[in-house]
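As stored in entry28.txt (compact mmCIF, C-alpha atoms):
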# COMPACT_ATOMS: atom_id res chain seq x y z
CA MET A 207 -32.31 42.21 367.05
CA PRO A 208 -31.53 38.76 365.56
CA SER A 209 -29.38 38.82 362.43
CA LYS A 210 -30.43 37.30 359.11
CA LYS A 211 -27.91 34.49 359.64
CA HIS A 212 -29.58 33.79 362.99
CA GLU A 213 -33.13 33.99 361.69
CA ALA A 214 -32.75 31.84 358.57
CA PRO A 215 -31.78 28.51 360.22
CA LEU A 216 -34.23 29.26 363.03
CA ILE A 217 -37.07 29.74 360.55
CA LEU A 218 -36.05 26.64 358.59
CA ILE A 219 -36.21 24.38 361.65
CA ARG A 220 -39.41 25.92 363.02
CA GLU A 221 -41.19 25.41 359.70
CA ASN A 222 -39.74 21.92 359.19
CA PRO A 223 -39.42 20.29 362.63
CA ASP A 224 -38.65 16.91 361.05
CA LEU A 225 -35.33 18.44 359.96
CA ALA A 226 -34.23 17.89 363.59
CA ARG A 227 -34.32 14.14 362.84
CA HIS A 228 -31.57 14.50 360.22
CA LEU A 229 -29.53 17.00 362.23
CA CYS A 230 -29.57 14.70 365.26
CA ALA A 231 -28.55 11.75 363.08
CA GLN A 232 -25.51 13.69 361.87
CA MET A 233 -24.53 14.12 365.53
CA GLY A 234 -24.92 10.40 366.28
CA VAL A 235 -28.37 10.57 367.92
CA ALA A 236 -30.96 8.26 366.36
CA VAL A 237 -34.57 9.37 366.46
CA PRO A 238 -36.92 6.42 367.13
CA GLU A 239 -38.56 5.13 363.96
CA ASN A 240 -42.21 5.72 363.10
CA CYS A 241 -42.35 8.93 365.11
CA GLN A 242 -43.81 12.26 364.04
CA ALA A 243 -42.10 15.57 364.81
CA GLN A 244 -44.17 18.09 366.74
CA LEU A 245 -43.14 21.67 367.49
CA THR A 246 -44.25 22.46 371.06
CA SER A 247 -45.28 25.78 372.55
CA GLU A 248 -43.89 27.10 375.81
CA ASP A 249 -45.34 25.19 378.72
CA ALA A 250 -47.89 27.26 380.60
CA THR A 251 -46.96 25.60 383.88
CA GLU A 252 -43.51 27.13 383.91
CA VAL A 253 -43.07 29.95 386.39
CA ARG A 254 -40.85 31.84 383.98
CA PRO A 255 -40.89 31.12 380.22
CA LEU A 256 -37.61 29.67 379.07
CA ALA A 257 -35.60 31.65 376.55
CA LYS A 258 -34.86 28.65 374.36
CA ASP A 259 -35.86 28.93 370.71
CA LYS A 260 -38.17 25.88 370.72
CA THR A 261 -38.58 22.22 371.61
CA ILE A 262 -39.37 19.54 369.04
CA VAL A 263 -40.94 16.35 370.39
CA PHE A 264 -41.00 13.11 368.42
CA ARG A 265 -44.10 11.06 369.27
CA ASP A 266 -45.03 7.53 368.26
CA GLY A 267 -48.39 6.39 366.91
CA SER A 268 -49.95 6.35 370.37
CA GLY A 269 -48.91 9.95 371.04
CA THR A 270 -46.21 8.96 373.54
CA ALA A 271 -43.16 11.22 373.50
CA ARG A 272 -40.06 9.24 372.55
CA LEU A 273 -37.49 12.02 372.16
CA ALA A 274 -37.42 15.77 372.87
CA VAL A 275 -35.00 18.04 371.04
CA VAL A 276 -34.34 21.44 372.59
CA TYR A 277 -32.74 23.64 369.95
CA GLU A 278 -31.18 27.06 369.86
CA VAL A 279 -29.39 29.14 367.24
CA GLN A 280 -26.26 30.88 368.51
CA MET A 281 -24.45 33.45 366.39
CA ARG A 282 -22.24 34.46 369.34
CA PHE A 283 -21.83 32.28 372.40
CA GLU A 284 -23.27 33.75 375.57
CA LYS A 285 -21.58 32.66 378.80
CA GLY A 286 -24.91 32.46 380.58
CA LYS A 287 -25.91 29.55 378.32
CA HIS A 288 -23.84 27.15 380.43
CA ARG A 289 -26.29 27.90 383.24
CA SER A 290 -29.51 27.96 381.21
CA TRP A 291 -28.93 25.04 378.82
CA PRO A 292 -29.04 22.38 381.57
CA MET A 293 -32.29 23.98 382.79
CA TYR A 294 -33.79 23.83 379.29
CA LEU A 295 -32.89 20.17 378.99
CA ALA A 296 -34.20 19.28 382.44
CA SER A 297 -37.45 21.10 381.65
CA ALA A 298 -37.92 19.19 378.39
CA ARG A 299 -37.20 15.92 380.20
CA TYR A 300 -39.67 16.75 382.97
CA TYR A 301 -42.61 17.93 380.86
CA ASN A 302 -42.29 15.29 378.12
CA ASP A 303 -41.09 12.39 380.29
CA CYS A 304 -38.73 11.08 377.62
CA PRO A 305 -35.04 11.21 376.66
CA SER A 306 -34.03 14.75 375.71
CA VAL A 307 -31.12 16.26 373.81
CA LEU A 308 -29.77 19.78 373.32
CA LEU A 309 -29.13 20.82 369.71
CA VAL A 310 -27.27 24.09 369.17
CA VAL A 311 -27.10 25.51 365.64
CA CYS A 312 -23.99 27.66 365.30
CA PRO A 313 -23.52 29.26 361.83
CA ASP A 314 -20.21 30.89 362.85
CA ALA A 315 -17.38 28.33 362.86
CA THR A 316 -15.32 30.50 365.23
CA GLU A 317 -17.93 30.06 367.98
CA VAL A 318 -18.13 26.25 367.77
CA SER A 319 -15.60 25.40 370.47
CA ALA A 320 -17.34 27.65 373.02
CA CYS A 321 -20.80 26.28 372.18
CA ALA A 322 -19.61 22.66 372.27
CA ALA A 323 -17.66 22.93 375.54
CA PRO A 324 -18.76 20.26 378.06
CA ILE A 325 -20.79 21.57 380.98
CA ASP A 326 -19.84 19.89 384.26
CA LEU A 327 -22.95 19.89 386.46
CA GLY A 328 -21.04 18.85 389.58
CA HIS A 329 -22.77 15.52 390.12
CA PRO A 330 -20.33 12.65 389.45
CA GLY A 331 -20.49 11.66 385.79
CA LEU A 332 -23.13 14.26 384.95
CA ILE A 333 -21.56 16.27 382.13
CA LEU A 334 -23.68 17.89 379.41
CA LYS A 335 -22.10 17.92 375.96
CA PRO A 336 -24.18 20.10 373.59
CA LEU A 337 -24.74 18.76 370.08
CA VAL A 338 -23.51 21.57 367.84
CA ILE A 339 -24.52 21.85 364.19
CA SER A 340 -22.05 24.15 362.46
CA PRO A 341 -20.04 24.55 359.25
CA VAL A 342 -17.55 22.18 360.94
CA SER A 343 -20.00 19.34 361.65
CA LEU A 344 -22.82 19.68 359.11
CA LYS A 345 -22.52 17.48 356.04
CA LYS A 346 -22.02 19.36 352.77
CA VAL A 347 -24.76 18.44 350.32
CA THR A 348 -22.93 18.49 346.98
CA SER A 349 -24.85 15.92 344.93
CA LEU A 350 -28.20 16.43 343.28
CA GLU A 351 -29.32 13.00 344.49
CA ASP A 352 -28.77 13.94 348.14
CA ALA A 353 -30.33 17.38 347.68
CA ALA A 354 -33.43 15.96 346.04
CA ALA A 355 -33.79 13.35 348.80
CA ASP A 356 -33.88 15.99 351.53
CA VAL A 357 -34.40 19.53 350.25
CA GLU A 358 -34.52 21.10 353.73
CA LEU A 359 -31.19 19.56 354.70
CA ALA A 360 -29.76 20.83 351.40
CA VAL A 361 -31.01 24.34 352.18
CA MET A 362 -29.44 24.13 355.65
CA SER A 363 -26.21 23.08 353.94
CA GLY A 364 -26.51 26.16 351.71
CA LEU A 365 -27.04 28.40 354.75
CA MET A 366 -24.01 26.91 356.53
CA HIS A 367 -21.63 26.34 353.63
CA GLY A 368 -22.84 28.67 350.87
CA ASP A 369 -20.11 31.22 351.58
CA GLY A 370 -17.39 28.56 351.94
CA ALA A 371 -14.94 26.87 349.58
CA ASP A 372 -17.55 24.54 348.03
CA GLY A 373 -20.31 27.12 348.15
CA GLU A 374 -20.96 27.38 344.43
CA VAL A 375 -21.35 23.62 343.97
CA ILE A 376 -23.68 23.46 346.99
CA LEU A 377 -25.81 26.36 345.75
CA GLU A 378 -26.01 24.79 342.28
CA VAL A 379 -27.45 21.52 343.56
CA VAL A 380 -29.79 23.31 345.98
CA ALA A 381 -31.17 25.48 343.17
CA GLU A 382 -31.63 22.48 340.89
CA ALA A 383 -33.32 20.42 343.64
CA LEU A 384 -35.68 23.31 344.34
CA ALA A 385 -36.75 23.33 340.68
CA ALA A 386 -39.04 20.41 341.55
CA ALA A 387 -40.49 22.08 344.66
CA ASP A 388 -43.79 23.93 344.70
CA ASP A 389 -43.59 27.61 343.93
CA ASP A 390 -44.17 28.94 347.46
CA LYS A 391 -41.54 26.68 349.02
CA LYS A 392 -39.07 27.45 346.25
CA LYS A 393 -39.43 31.20 346.67
CA HIS A 394 -39.32 31.00 350.46
CA TYR A 395 -36.16 28.88 350.59
CA LEU A 396 -34.40 30.99 347.98
CA ASP A 397 -35.31 34.12 349.93
CA LEU A 398 -33.74 32.57 353.06
CA LEU A 399 -30.55 31.82 351.14
CA MET A 400 -30.39 35.22 349.45
CA SER A 401 -30.87 36.98 352.80
CA THR A 402 -27.84 35.27 354.38
CA LEU A 403 -25.27 34.88 351.61
CA VAL A 404 -22.55 37.51 351.34
CA GLU A 405 -20.91 38.64 348.12
CA PRO A 406 -19.81 37.21 345.79
CA ARG A 407 -22.00 34.17 346.58
CA GLY A 408 -25.21 36.17 346.72
CA HIS A 409 -24.45 37.45 343.22
CA PHE A 410 -23.52 33.93 342.07
CA LEU A 411 -26.89 32.52 343.20
CA LYS A 412 -28.64 35.43 341.53
CA GLU A 413 -26.85 34.72 338.24
CA LEU A 414 -27.59 31.04 338.60
CA LEU A 415 -31.32 31.70 338.96
CA MET A 416 -31.26 34.00 335.94
CA SER A 417 -29.94 31.14 333.80
CA THR A 418 -32.78 29.58 331.82
CA GLN A 419 -32.00 26.04 332.95
CA TYR A 420 -34.39 26.77 335.83
CA GLU A 421 -38.10 27.53 335.74
CA TYR A 422 -39.26 31.11 336.29
CA THR A 423 -42.48 30.31 338.14
CA SER A 424 -42.09 32.32 341.33
CA ASP A 425 -42.01 36.10 341.66
CA LEU A 426 -38.34 35.90 342.64
CA PHE A 427 -37.42 33.85 339.54
CA ARG A 428 -39.46 36.05 337.23
CA GLY A 429 -37.93 39.19 338.74
CA LEU A 430 -34.39 37.94 338.25
CA HIS A 431 -35.13 36.78 334.71
CA GLU A 432 -36.73 40.10 333.79
CA GLU A 433 -33.74 41.94 335.29
CA GLY A 434 -31.42 39.91 333.06
CA GLU A 435 -33.53 40.75 330.03
CA ARG A 436 -33.53 44.46 330.91
CA LYS A 437 -29.74 44.44 331.19
CA GLY A 438 -29.47 42.74 327.82
CA GLU A 439 -31.82 45.28 326.24
CA ALA A 440 -29.89 48.19 327.79
CA ARG A 441 -26.62 46.80 326.46
CA GLY A 442 -28.20 46.44 323.02
CA LYS A 443 -29.38 50.04 323.02
CA ALA A 444 -26.03 51.32 324.26
CA GLU A 445 -24.22 49.46 321.52
CA GLY A 446 -26.84 50.22 318.91
CA LYS A 447 -27.34 46.52 318.17
CA ALA A 448 -30.64 44.70 317.97
CA GLU A 449 -28.94 41.53 319.08
CA GLY A 450 -27.62 43.08 322.29
CA LYS A 451 -30.26 41.40 324.43
CA ALA A 452 -29.45 37.94 323.08
CA GLU A 453 -25.72 38.54 323.46
CA GLY A 454 -26.17 39.60 327.09
CA LYS A 455 -28.15 36.45 327.83
CA ALA A 456 -25.55 34.25 326.12
CA GLU A 457 -22.75 35.96 328.02
CA GLY A 458 -24.47 35.20 331.35
CA LEU A 459 -25.01 31.55 330.42
CA ALA A 460 -21.39 31.16 329.31
CA THR A 461 -20.12 32.66 332.58
CA SER A 462 -22.32 30.31 334.65
CA LEU A 463 -21.15 27.32 332.59
CA LEU A 464 -17.46 28.12 333.08
CA ARG A 465 -17.95 28.61 336.82
CA MET A 466 -19.72 25.28 337.15
CA LEU A 467 -16.96 23.52 335.22
CA ALA A 468 -14.33 25.09 337.47
CA LYS A 469 -16.15 24.07 340.65
CA ARG A 470 -16.46 20.52 339.41
CA GLY A 471 -12.69 20.46 338.86
CA ILE A 472 -12.97 19.92 335.11
CA ALA A 473 -9.98 21.36 333.25
CA VAL A 474 -10.94 23.83 330.53
CA ASP A 475 -8.25 24.60 327.96
CA ALA A 476 -8.01 27.99 326.27
CA GLU A 477 -9.61 26.74 323.05
CA SER A 478 -12.63 25.29 324.86
CA GLU A 479 -13.10 28.43 326.95
CA ALA A 480 -12.97 30.56 323.80
CA ARG A 481 -15.56 28.27 322.18
CA ILE A 482 -17.92 28.66 325.13
CA ARG A 483 -17.52 32.42 325.35
CA ALA A 484 -17.94 32.85 321.59
CA CYS A 485 -21.17 30.83 321.48
CA LEU A 486 -24.22 33.06 320.96
CA ASP A 487 -26.64 30.17 320.58
CA THR A 488 -28.49 30.24 323.92
CA ASP A 489 -30.17 26.90 323.21
CA GLN A 490 -26.75 25.29 322.80
CA LEU A 491 -25.45 26.91 325.97
CA GLU A 492 -28.46 25.62 327.88
CA ARG A 493 -27.82 22.10 326.58
CA TRP A 494 -24.24 22.33 327.84
CA LEU A 495 -25.48 23.58 331.21
CA ASP A 496 -27.86 20.63 331.45
CA ARG A 497 -24.95 18.30 330.75
CA VAL A 498 -22.30 19.89 332.99
CA LEU A 499 -23.19 17.88 336.12
CA ASP A 500 -22.73 14.57 334.28
CA VAL A 501 -19.44 15.06 332.41
CA THR A 502 -15.96 14.32 333.72
CA ARG A 503 -13.91 15.84 330.86
CA ILE A 504 -14.41 18.96 328.76
CA GLU A 505 -14.55 16.83 325.60
CA GLU A 506 -17.71 15.14 326.91
CA LEU A 507 -19.44 18.49 327.22
CA PHE A 508 -19.16 19.11 323.47
CA ALA A 509 -20.00 15.55 322.40
CA GLU A 510 -23.19 15.36 320.34
What do you get writing this file as structure tokens?
Amino acid sequence: MPSKKHEAPLILIRENPDLARHLCAQMGVAVPENCQAQLTSEDATEVRPLAKDKTIVFRDGSGTARLAVVYEVQMRFEKGKHRSWPMYLASARYYNDCPSVLLVVCPDATEVSACAAPIDLGHPGLILKPLVISPVSLKKVTSLEDAAADVELAVMSGLMHGDGADGEVILEVVAEALAAADDDKKKHYLDLLMSTLVEPRGHFLKELLMSTQYEYTSDLFRGLHEEGERKGEARGKAEGKAEGKAEGKAEGLATSLLRMLAKRGIAVDAESEARIRACLDTDQLERWLDRVLDVTRIEELFAE
């Protein structure tokens, strides 16, 4: 049974075949311009269906295949792949009659060297070097500009790097870029991320989505927001305070703000941290959250 970490990048590429264009480019393979990506089905003429995940063919305006991309997702390298991968590639080359490349998506960095090992086919000079997309090779999307320009690539970056050292920054820009996406896509991509992230990053993304700097249009957003409100109400009842709900919301916003400042490398002195934590004005906290990606010093955050 495929794991969630296997399924998520597989689903992302299947639903967005043009993503292969950007992944190939990161590996030094240029896709011909003015070509459309087409996800192909298994060829009925094959005696035995190949076990590859899929083949994406880029065709020009006349329908001529210009590049075929055979892709697989490997959580754990299987030794038999050194026998089957050359067959996959030869099959794609034969049926599409165009240059073909092998793209292996490997979410586990410890498996990269095995997946990327050259395959000597015996014929002089005929050595297959798989193109491996992994946390080692995939670009980290850490700017909102890059994430907005290619949301799918940003989501792939979140799947690959979300649990890593820069994970919180990456998840922040992905979530903000998705704010402009339609509701179905937003929910679907966030579900993919939530299904693969481990703690504490899964909890971080959940808190981030509960912050009111994002729209609560999808069921997932509304559910998280309502959960935050319920927690605030419960805290208010437990403490016997009518303002408990508002305090709980402000506490969550303050925590998110401090985390974002830390990930951006902005020094926060004790006085500034105390000011943020003591602030119960949720509107003010939201204004600071909106500003946090643009400031370079803590003083700029508080400037009016």
Using all atoms listed in the file, can you list as a compact mmCIF listing (two decimals) with C-alpha atoms, in the coordinates of the input the residues within 12 Å of (-21.9, 25.0, 347.1)?
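Saved result, selection_19.txt, follows:
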# COMPACT_ATOMS: atom_id res chain seq x y z
CA LYS A 345 -22.52 17.48 356.04
CA LYS A 346 -22.02 19.36 352.77
CA VAL A 347 -24.76 18.44 350.32
CA THR A 348 -22.93 18.49 346.98
CA SER A 349 -24.85 15.92 344.93
CA LEU A 350 -28.20 16.43 343.28
CA ALA A 353 -30.33 17.38 347.68
CA ALA A 360 -29.76 20.83 351.40
CA VAL A 361 -31.01 24.34 352.18
CA MET A 362 -29.44 24.13 355.65
CA SER A 363 -26.21 23.08 353.94
CA GLY A 364 -26.51 26.16 351.71
CA LEU A 365 -27.04 28.40 354.75
CA MET A 366 -24.01 26.91 356.53
CA HIS A 367 -21.63 26.34 353.63
CA GLY A 368 -22.84 28.67 350.87
CA ASP A 369 -20.11 31.22 351.58
CA GLY A 370 -17.39 28.56 351.94
CA ALA A 371 -14.94 26.87 349.58
CA ASP A 372 -17.55 24.54 348.03
CA GLY A 373 -20.31 27.12 348.15
CA GLU A 374 -20.96 27.38 344.43
CA VAL A 375 -21.35 23.62 343.97
CA ILE A 376 -23.68 23.46 346.99
CA LEU A 377 -25.81 26.36 345.75
CA GLU A 378 -26.01 24.79 342.28
CA VAL A 379 -27.45 21.52 343.56
CA VAL A 380 -29.79 23.31 345.98
CA ALA A 381 -31.17 25.48 343.17
CA GLU A 382 -31.63 22.48 340.89
CA LEU A 399 -30.55 31.82 351.14
CA LEU A 403 -25.27 34.88 351.61
CA ARG A 407 -22.00 34.17 346.58
CA GLY A 408 -25.21 36.17 346.72
CA PHE A 410 -23.52 33.93 342.07
CA LEU A 411 -26.89 32.52 343.20
CA LEU A 414 -27.59 31.04 338.60
CA ARG A 465 -17.95 28.61 336.82
CA MET A 466 -19.72 25.28 337.15
CA LYS A 469 -16.15 24.07 340.65
CA ARG A 470 -16.46 20.52 339.41
*7 Å contact set for A:Arg483, only C-alpha atoms, chain neighbours under 2 positions out, as a list in words*: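 The residues satisfying every condition are Glu457, Ala460, Glu479, Ala480, Arg481 and Cys485 of chain A.
With atom CA of A:Asp303 on one side and atom CA of A:Gly286 on the other, the separation reads 25.8 Å.
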*Pick from A:Arg299, A:Arg282, A:Arg289, A:Arg227 nearest to A:Ala320, counting all atoms listed in the file*: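 So, comparing all the options, the nearest one is A:Arg282.
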_Between atom CA of A:Leu327 and atom CA of A:Val342, what is the distance in Å, rounded to a tenth?_
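So the answer is 26.2 Å.
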*Counting only C-alpha atoms, the residue of A:Leu229, A:Leu308, A:Thr270, A:Asp489 that sits nearest A:Gln244*: A:Thr270
*Report the distance between atom CA of A:Leu384 and atom CA of A:Ala354 in Å, rounded to one decimal place.*
7.9 Å
Need to verify the contact set: A:Arg272, 10 Å, all atoms listed in the file, exclusion of same-chain residues closer than 2 positions in sequence. Can you return it as a PDB file with C-alpha atoms, in the frame of the given file?
ATOM      1  CA  VAL A 237     -34.570   9.370 366.460  1.00  0.00           C
ATOM      2  CA  PRO A 238     -36.920   6.420 367.130  1.00  0.00           C
ATOM      3  CA  GLU A 239     -38.560   5.130 363.960  1.00  0.00           C
ATOM      4  CA  CYS A 241     -42.350   8.930 365.110  1.00  0.00           C
ATOM      5  CA  GLN A 242     -43.810  12.260 364.040  1.00  0.00           C
ATOM      6  CA  VAL A 263     -40.940  16.350 370.390  1.00  0.00           C
ATOM      7  CA  PHE A 264     -41.000  13.110 368.420  1.00  0.00           C
ATOM      8  CA  ARG A 265     -44.100  11.060 369.270  1.00  0.00           C
ATOM      9  CA  ASP A 266     -45.030   7.530 368.260  1.00  0.00           C
ATOM     10  CA  GLY A 269     -48.910   9.950 371.040  1.00  0.00           C
ATOM     11  CA  THR A 270     -46.210   8.960 373.540  1.00  0.00           C
ATOM     12  CA  ALA A 274     -37.420  15.770 372.870  1.00  0.00           C
ATOM     13  CA  ASN A 302     -42.290  15.290 378.120  1.00  0.00           C
ATOM     14  CA  ASP A 303     -41.090  12.390 380.290  1.00  0.00           C
ATOM     15  CA  CYS A 304     -38.730  11.080 377.620  1.00  0.00           C
ATOM     16  CA  PRO A 305     -35.040  11.210 376.660  1.00  0.00           C
ATOM     17  CA  SER A 306     -34.030  14.750 375.710  1.00  0.00           C
TER      18      SER A 306
END
Would you give the centre and edge lengths, in Å to one decimal, of a box along x, y and z around the listed atoms of stretch 313-327 of chain A, with 5 Å added to each side, as JSON?
{"center_x": -19.4, "center_y": 25.4, "center_z": 374.1, "size_x": 18.2, "size_y": 21.0, "size_z": 34.6}
*Rank A:Asp475, A:Ser340, A:Gly331, A:Glu453 by their smallest atom-to-atom distance to A:Arg503, using all atoms listed in the file, and report the top residue only.*
A:Asp475
Near A:Val307, within 9 Å and counting all atoms listed in the file, which residues show up once chain neighbours fewer than 5 positions away are dropped, as a short mmCIF file (atom, residue, chain, number, x, y, z; two decimals) with C-alpha atoms, keeping the file's coordinate frame?
data_model
loop_
_atom_site.label_atom_id
_atom_site.label_comp_id
_atom_site.auth_asym_id
_atom_site.auth_seq_id
_atom_site.Cartn_x
_atom_site.Cartn_y
_atom_site.Cartn_z
CA CYS A 230 -29.57 14.70 365.26
CA VAL A 235 -28.37 10.57 367.92
CA LEU A 273 -37.49 12.02 372.16
CA ALA A 274 -37.42 15.77 372.87
CA VAL A 275 -35.00 18.04 371.04
CA VAL A 276 -34.34 21.44 372.59
CA TYR A 277 -32.74 23.64 369.95
CA LEU A 295 -32.89 20.17 378.99
CA ALA A 298 -37.92 19.19 378.39
CA ARG A 299 -37.20 15.92 380.20
CA PRO A 336 -24.18 20.10 373.59
CA LEU A 337 -24.74 18.76 370.08
#
*asked:* Neighbouring residues of A:Gln280 were defined as those with any atom within 8 Å, considering all atoms listed in the file; residues of the same chain fewer than 3 positions away were excluded. Please report them as a PyMOL selection string.
replied: chain A and resi 212+283+310-313
*Would you please work out which residue, of A:Met400, A:Ile504, A:Lys392, A:Leu309, is nearest to A:Gln232 when using all atoms listed in the file?*
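Residue with the minimum atom-to-atom distance to A:Gln232: A:Leu309.
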